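Novice: Would you mind keeping the following structure in view while I ask a few things?
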Amino acid sequence: MSARPARASAVALLATLAALLGALLPATAAQAAGRTVEGGRLDWGIKSSFQSYVTGPVAKGAFKLRNGAATAGGSLFRFHSATGSYDPDSGSLQAAFSGGVTFQGHQKPDGTYELDLSISRPSVKISGGSGTLYVDVSSKAKEGGAVTTASQVPFARLSLGGVNMKGGGGPIALTNIPATLTDQGAKAFAGYYAAGAQLDPVSLSVDVKAAPAAGQPSQAPSTPAETPEASQTPQAGGAFTDAAVDWGVRRTFREYVSGSIGQGKWELAEGAQDGGALFRFPQGKGAYDGAKGTLDAAFAGSVHFTGAHLDLKLAKVTVKVENGKGLLSADVTTGADTKNAVPLVEFDAKGLKTEGGLATLAEAPATLTEGGAQAFNSMYKPGTEMDPVSLAVALDGAAKLPALPNLGSTATPAAPAAPAPATAAKTAGTSNTGLYAALAVAVLVLAGGAAFLVVRKRRTDAAAAAAAGEPAATAAASGPADATGEAAPRD
């Protein structure tokens, strides 16, 4: 056998492995490209001592959640629907969240509050091992009562010592990141705390979406739906077949059910959806008259609360609006007893409005009715403030109902009582680094083996040629390369 077949076989083998390695390497570049943040939540108590002060015997106040924000665990507020970007090469992350919370205390005789502070739309920017938390802030000064509003104030510095942000391939989770108040944050906080004050730690979890492959659009081009012209014109009144009502029942009730006292849970059925701070009852059908401001609708879905000494199911939700007032009713089942169409809460519906193809009402204040008090076994008195009611009615085929809060695919670990060292977790990410290294080593080792076979064959041929008195062919051959991170707020 000559050296030529051996050389050809080695070259063919090397070419095959190199082609395989080369085909996979572009995937590495694609994975390392910037990614989009779509969905997730941020859990932050802002400052627990401030919460206690506001809701305590001195300020005698409370907090209200806005725009889908929720409570989570002990004294945490949960902000939702993360959007932004992530670069696994540099570890930089930008994530903006929705939702807000308003603190009010020291009520004056005219019904206003001396303490009035709102924090909303938190966003996190992490780059080069340092991080900052930004928020929208509206605050009333302690002296003089002047109200100041500012957007995306650099509110807190995030301590990221020991956190490796590089290389995450799936949901990115940061747990208990220490936060300290900045100079700008102290001013926006109406002077309640000085710069450098320790704030509650921050935890977040966001989903990341891989960048599209080279030459592929980031999203499919949108094509206008081909619908009759009449359906594009919002109807001032008449029947509709798509609507949703969002209602969380009552925040402290949910916390009671899922807490150490209630030791229970809730289950959604028949199409109802959980938005974190609210339940959505969809598939609304009925009639709406924009000129008169009237609405009569029935919705699908049910929510069933169970726990210690608790068995309450709400189903077949209906809503009626007339003369600026709304009434939400439902079939109420307690144990084996069911009462139909029980009026549960009354709400302010003066804000019901029509824009484009949607009729909407956002976070209308709601109070418990007499029937509602009975449904809750007199746990609350009639007139008790319940969670607000939101409505959305699609008046034409092109209208889309507002999206539910997007909490992402991975739950954020609950924060311990005392802040733990900050940790970072990259989960559900797939990395082929080991595969690439193994293939590279295989190529090099096989290359070395092939070279050895060629050299060995040549030496054998040379020895045979010498024995036969023929000159051996000279060739240069290279050797193988070296392969070498329940005590609910008082209501």
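Starting from 1 in every chain, residues are counted up; chains themselves are A, B, ... following the order of the structure tokens, and ligands are numbered from 1 as listed.
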Please identify the strand (DSSP E or B) residues within segment 250-339 of chain A (assignment by DSSP from backbone atoms) and present them as number ranges by chain.
Specialist: A: 265-269, 273-274, 279-281, 285-289, 294-298, 302-307, 310-322, 325-334, 337-339
Novice: What lies within 8 Å of Gln107 of chain A using only C-alpha atoms, ignoring chain neighbours under 4 positions off, as a list in words?
Specialist: Ala59, Lys60, Gly61, Gly111, Thr112, Tyr113, Glu114 and Leu115 of chain A
Novice: Tell me which of A:Val37, A:Val147, A:Ala298, A:Leu401 sits closest to Lys209 of chain A, counting only C-alpha atoms.
Specialist: A:Val37
Novice: Would you kindly return, as a ChimeraX atom specification, each protein, DNA or RNA residue with an atom no farther than 10 Å from any atom of segment 345-356 of chain A, considering only C-alpha atoms and excluding same-chain residues fewer than 6 positions away?
Specialist: /A:232-236,249,290-291,293-295,319-330,362-373,382-396,398-399
Novice: I'd like to know which residues of segment 162-213 of chain A are alpha helix (DSSP H) (by DSSP, run on the backbone); could you write them as a list of chain:residue names?
Specialist: A:Asp183, A:Gln184, A:Gly185, A:Ala186, A:Lys187, A:Ala188
Novice: What does the distance from atom CA of Val317 of chain A to atom CA of Leu278 of chain A come to in Å, to one decimal?
Specialist: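 Value for the atom CA of Val317 of chain A-atom CA of Leu278 of chain A distance: 14.2 Å.
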Novice: At a cut-off of 12 Å, using only C-alpha atoms, what residues contact Ala336 of chain A? Leave out same-chain residues fewer than 6 positions from it and give the result as a compact mmCIF listing (two decimals) with all heavy atoms, in the first residue's frame.
Specialist:
```txt
# COMPACT_ATOMS: atom_id res chain seq x y z
N ASP A 311 -63.75 27.61 51.62
CA ASP A 311 -64.11 26.96 50.36
C ASP A 311 -65.05 27.91 49.62
O ASP A 311 -66.25 27.94 49.87
CB ASP A 311 -64.78 25.61 50.61
CG ASP A 311 -65.02 24.81 49.33
OD1 ASP A 311 -64.81 25.37 48.24
OD2 ASP A 311 -65.42 23.64 49.42
N LEU A 312 -64.50 28.71 48.73
CA LEU A 312 -65.26 29.76 48.06
C LEU A 312 -64.95 29.76 46.58
O LEU A 312 -63.78 29.86 46.17
CB LEU A 312 -64.92 31.14 48.66
CG LEU A 312 -65.51 32.36 47.96
CD1 LEU A 312 -67.03 32.38 48.08
CD2 LEU A 312 -64.91 33.64 48.53
N LYS A 313 -65.98 29.66 45.75
CA LYS A 313 -65.80 29.68 44.31
C LYS A 313 -66.65 30.78 43.70
O LYS A 313 -67.83 30.93 44.02
CB LYS A 313 -66.21 28.32 43.70
CG LYS A 313 -66.04 28.25 42.19
CD LYS A 313 -66.44 26.88 41.66
CE LYS A 313 -66.30 26.79 40.15
NZ LYS A 313 -66.70 25.46 39.63
```
Novice: May I ask which of the residues A:Val206, A:Ala69, A:Leu133, A:Leu358 is the closest one to Pro178 of chain A, counting only C-alpha atoms?
Specialist: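 Residue with the minimum atom-to-atom distance to Pro178 of chain A: A:Leu133.
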